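S.K.: Supplied in C-alpha cells, the structure appears directly below.
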Amino acid sequence: MAWIQTERNLGGVGDLNYPLVSDIKKEISAAYNVLDREAGIALRGLFIIDKEGLLQYATINNLAFGRSVDETLRTLQALQHVQSNPGEVCPVGWQPGDQTMTPDPVKSKEYFATL
C-alpha cells in the first residue's frame with residue numbers, strides 16, 4: 001500500500017493502471033523462484049504471462065540493479081504482435097512497425113536481404 005501512496009518522484013510507484021500484488025507470506029516469490037530464502041527477500045523479478053496463462057517472458061535481476069521499462073514494453077508489444085500474427089516472429093531489436101521474420105531457414109532470408 002505504501003508504494004502506491006508514495007509518488008514516483010519520492011521513490012514510490014504512484015497511481016498504476018494495473019494491479020499491484022502484495023506477497024507478505026512470500027508464496028508468490030517462492031513459486032517464481034525469485035525468493036532469496038537466506039535473506040528473506042525477493043529479487044527483482046518481472047514476468048509477462050499471456051492471456052492463456054503461459055509464461056512468455058521472465059527476467060530476474062539482483063537487487064543492485066533495476067529493469068528496463070522500455071525493454072519490457074518492447075517485449076510486451078512483440079508478444080502481442082506475434083500472437084495476433086501467427087507465422088511471424090520479431091527479430092532482435094524489433095520495434096512496433098518494424099519488419100518481422102518468417103521462422104523458416106529459407107523464408108527468413110527475405111528478411112535478412114533487407115538489412
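All residue names refer to the C-alpha cells as shown: chains lettered A, B, ... in order, residues numbered from 1 in each chain, ligands numbered from 1 in order.
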Kindly assemble as a Markdown table a list of the stretch 69-103 of chain A residues that lie within 9 Å of stretch 57-63 of chain A, each paired with its nearest atom pair and their distance in Å to one decimal, using only C-alpha atoms, sorted first by chain and then by ascending residue number.
M.R.:
```
| residue | atom | partner | partner_atom | distance |
| --- | --- | --- | --- | --- |
| A:Thr75 | CA | A:Tyr57 | CA | 7.9 |
| A:Leu76 | CA | A:Tyr57 | CA | 8.6 |
| A:Leu79 | CA | A:Tyr57 | CA | 8.9 |
```
S.K.: So that I have them on file, write out the residues from the current selection with N, CA and C atoms, as a JSON list (two decimals), in the first residue's frame.
M.R.:
```
[["chain", "number", "residue", "atom", "x", "y", "z"],
["A", 75, "THR", "N", 9.07, -5.85, -25.39],
["A", 75, "THR", "CA", 8.82, -7.29, -25.34],
["A", 75, "THR", "C", 7.33, -7.59, -25.30],
["A", 76, "LEU", "N", 6.59, -6.83, -24.52],
["A", 76, "LEU", "CA", 5.14, -7.00, -24.45],
["A", 76, "LEU", "C", 4.50, -6.72, -25.82],
["A", 79, "LEU", "N", 5.26, -9.64, -28.11],
["A", 79, "LEU", "CA", 4.40, -10.77, -27.76],
["A", 79, "LEU", "C", 3.00, -10.57, -28.34]]
```
S.K.: Which residues, written as an MDAnalysis selection string, have at least one atom at most 12 Å from stretch 40-51 of chain A, with only C-alpha atoms counted and residues fewer than 3 positions away on the same chain left out?
M.R.: chainID A and resid 22:37 54:69 71:80 82:83
S.K.: Extract the full set of alpha helix (DSSP H) residues from chain A according to DSSP on the backbone, and format it as a PyMOL selection string.
M.R.: chain A and resi 2-5+27-31+69-84+108-112
S.K.: Taking C-alpha atoms for each residue, export the selection above as a short mmCIF file (atom, residue, chain, number, x, y, z; two decimals), in the first residue's frame.
M.R.:
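again.cif was written with the following content:
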```cif
data_model
loop_
_atom_site.label_atom_id
_atom_site.label_comp_id
_atom_site.auth_asym_id
_atom_site.auth_seq_id
_atom_site.Cartn_x
_atom_site.Cartn_y
_atom_site.Cartn_z
CA ALA A 2 2.88 2.35 0.79
CA TRP A 3 4.29 2.00 -2.76
CA ILE A 4 1.01 3.22 -4.27
CA GLN A 5 0.56 6.01 -1.75
CA GLU A 27 4.46 -17.54 -1.53
CA ILE A 28 4.50 -15.85 -4.94
CA SER A 29 8.21 -15.05 -4.85
CA ALA A 30 8.96 -18.64 -3.82
CA ALA A 31 6.74 -20.06 -6.59
CA VAL A 69 10.79 -0.34 -18.66
CA ASP A 70 11.46 0.33 -22.35
CA GLU A 71 12.63 -3.25 -22.96
CA THR A 72 9.67 -4.66 -21.04
CA LEU A 73 7.24 -2.59 -23.13
CA ARG A 74 9.01 -3.64 -26.37
CA THR A 75 8.82 -7.29 -25.34
CA LEU A 76 5.14 -7.00 -24.45
CA GLN A 77 4.42 -5.36 -27.82
CA ALA A 78 6.37 -8.11 -29.62
CA LEU A 79 4.40 -10.77 -27.76
CA GLN A 80 1.12 -9.11 -28.68
CA HIS A 81 2.24 -8.79 -32.30
CA VAL A 82 3.21 -12.42 -32.79
CA GLN A 83 0.08 -13.65 -31.04
CA SER A 84 -2.01 -11.52 -33.41
CA SER A 108 13.90 -15.81 -43.23
CA LYS A 109 16.48 -14.92 -45.91
CA GLU A 110 13.92 -12.46 -47.31
CA TYR A 111 14.17 -10.53 -44.03
CA PHE A 112 17.97 -10.66 -43.90
#
```
S.K.: In Å, how far is it from atom CA of A:Gly53 to atom CA of A:Pro86?
M.R.: 18.1 Å
S.K.: Within 8 Å of A:Val89, counting only C-alpha atoms, which residues show up once you throw out same-chain ones fewer than 5 positions away? Write them as a count of residues only, please.
M.R.: 5
S.K.: Which residues come within 9 Å of A:Gln99, counting only C-alpha atoms, excluding same-chain residues fewer than 3 positions away, as an NGL selection string?
M.R.: :A and (90-91 or 94-96 or 111)
S.K.: Output N, CA and C atoms for every residue in the selection just made, as an mmCIF file, in the first residue's frame.
M.R.:
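The new file selection.cif reads:
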```
data_model
loop_
_atom_site.group_PDB
_atom_site.id
_atom_site.type_symbol
_atom_site.label_atom_id
_atom_site.label_comp_id
_atom_site.auth_asym_id
_atom_site.auth_seq_id
_atom_site.Cartn_x
_atom_site.Cartn_y
_atom_site.Cartn_z
ATOM 1 N N CYS A 90 9.444 -11.801 -34.228
ATOM 2 C CA CYS A 90 10.094 -10.487 -34.135
ATOM 3 C C CYS A 90 11.591 -10.682 -33.931
ATOM 4 N N PRO A 91 12.403 -10.170 -34.830
ATOM 5 C CA PRO A 91 13.857 -10.327 -34.688
ATOM 6 C C PRO A 91 14.406 -9.457 -33.556
ATOM 7 N N TRP A 94 13.525 -5.664 -32.507
ATOM 8 C CA TRP A 94 12.281 -5.306 -33.177
ATOM 9 C C TRP A 94 11.533 -4.239 -32.390
ATOM 10 N N GLN A 95 10.979 -3.281 -33.112
ATOM 11 C CA GLN A 95 10.127 -2.241 -32.545
ATOM 12 C C GLN A 95 8.802 -2.259 -33.306
ATOM 13 N N PRO A 96 7.702 -1.837 -32.668
ATOM 14 C CA PRO A 96 6.431 -1.790 -33.387
ATOM 15 C C PRO A 96 6.573 -1.030 -34.709
ATOM 16 N N TYR A 111 13.973 -11.562 -45.047
ATOM 17 C CA TYR A 111 14.170 -10.526 -44.033
ATOM 18 C C TYR A 111 15.625 -10.061 -44.025
#
```
S.K.: Can you measure atom CA of A:Glu38 to atom CA of A:Val13 for me? One decimal in Å is fine.
M.R.: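 Taking atom CA of A:Glu38 as the start and atom CA of A:Val13 as the end point, the length is 27.2 Å.
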S.K.: Check chain A with DSSP on the backbone and list each residue it calls strand (DSSP E or B), as a PyMOL selection string.
M.R.: chain A and resi 35-36+41-42+44-49+55-61+89+101
S.K.: With N, CA and C atoms retained, could you export that selection as an mmCIF file, in the first residue's frame?
M.R.:
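Result file selection_23.cif:
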```
data_model
loop_
_atom_site.group_PDB
_atom_site.id
_atom_site.type_symbol
_atom_site.label_atom_id
_atom_site.label_comp_id
_atom_site.auth_asym_id
_atom_site.auth_seq_id
_atom_site.Cartn_x
_atom_site.Cartn_y
_atom_site.Cartn_z
ATOM 1 N N LEU A 35 12.796 -15.773 -4.674
ATOM 2 C CA LEU A 35 12.983 -15.559 -3.238
ATOM 3 C C LEU A 35 14.382 -15.965 -2.811
ATOM 4 N N ASP A 36 15.097 -15.022 -2.226
ATOM 5 C CA ASP A 36 16.381 -15.310 -1.599
ATOM 6 C C ASP A 36 16.044 -15.741 -0.176
ATOM 7 N N ILE A 41 14.178 -12.065 1.263
ATOM 8 C CA ILE A 41 13.664 -11.016 0.368
ATOM 9 C C ILE A 41 13.595 -11.546 -1.062
ATOM 10 N N ALA A 42 12.780 -10.883 -1.867
ATOM 11 C CA ALA A 42 12.643 -11.280 -3.260
ATOM 12 C C ALA A 42 13.579 -10.458 -4.135
ATOM 13 N N ARG A 44 14.530 -8.867 -7.920
ATOM 14 C CA ARG A 44 13.688 -8.095 -8.839
ATOM 15 C C ARG A 44 13.269 -8.989 -9.994
ATOM 16 N N GLY A 45 12.077 -9.523 -9.895
ATOM 17 C CA GLY A 45 11.565 -10.414 -10.926
ATOM 18 C C GLY A 45 10.489 -9.726 -11.742
ATOM 19 N N LEU A 46 10.490 -9.994 -13.030
ATOM 20 C CA LEU A 46 9.469 -9.458 -13.918
ATOM 21 C C LEU A 46 9.018 -10.592 -14.824
ATOM 22 N N PHE A 47 7.702 -10.796 -14.904
ATOM 23 C CA PHE A 47 7.153 -11.898 -15.670
ATOM 24 C C PHE A 47 6.015 -11.389 -16.540
ATOM 25 N N ILE A 48 6.015 -11.785 -17.804
ATOM 26 C CA ILE A 48 4.898 -11.484 -18.691
ATOM 27 C C ILE A 48 4.196 -12.808 -18.950
ATOM 28 N N ILE A 49 2.934 -12.856 -18.536
ATOM 29 C CA ILE A 49 2.112 -14.051 -18.670
ATOM 30 C C ILE A 49 1.003 -13.717 -19.653
ATOM 31 N N LEU A 55 3.630 -18.478 -19.251
ATOM 32 C CA LEU A 55 4.752 -17.573 -19.046
ATOM 33 C C LEU A 55 5.474 -17.382 -20.371
ATOM 34 N N GLN A 56 5.546 -16.148 -20.846
ATOM 35 C CA GLN A 56 6.166 -15.848 -22.129
ATOM 36 C C GLN A 56 7.513 -15.145 -21.981
ATOM 37 N N TYR A 57 7.728 -14.501 -20.852
ATOM 38 C CA TYR A 57 8.960 -13.714 -20.675
ATOM 39 C C TYR A 57 9.255 -13.624 -19.183
ATOM 40 N N ALA A 58 10.505 -13.780 -18.834
ATOM 41 C CA ALA A 58 10.906 -13.655 -17.437
ATOM 42 C C ALA A 58 12.294 -13.049 -17.369
ATOM 43 N N THR A 59 12.476 -12.191 -16.411
ATOM 44 C CA THR A 59 13.805 -11.655 -16.132
ATOM 45 C C THR A 59 13.930 -11.522 -14.623
ATOM 46 N N ILE A 60 15.086 -11.904 -14.103
ATOM 47 C CA ILE A 60 15.341 -11.821 -12.671
ATOM 48 C C ILE A 60 16.669 -11.100 -12.482
ATOM 49 N N ASN A 61 16.598 -9.997 -11.771
ATOM 50 C CA ASN A 61 17.795 -9.198 -11.527
ATOM 51 C C ASN A 61 18.143 -9.210 -10.044
ATOM 52 N N VAL A 89 7.673 -13.844 -36.547
ATOM 53 C CA VAL A 89 8.479 -13.691 -35.334
ATOM 54 C C VAL A 89 9.149 -12.325 -35.394
ATOM 55 N N MET A 101 9.895 -11.444 -39.258
ATOM 56 C CA MET A 101 10.504 -12.549 -39.994
ATOM 57 C C MET A 101 9.547 -13.733 -40.044
#
```
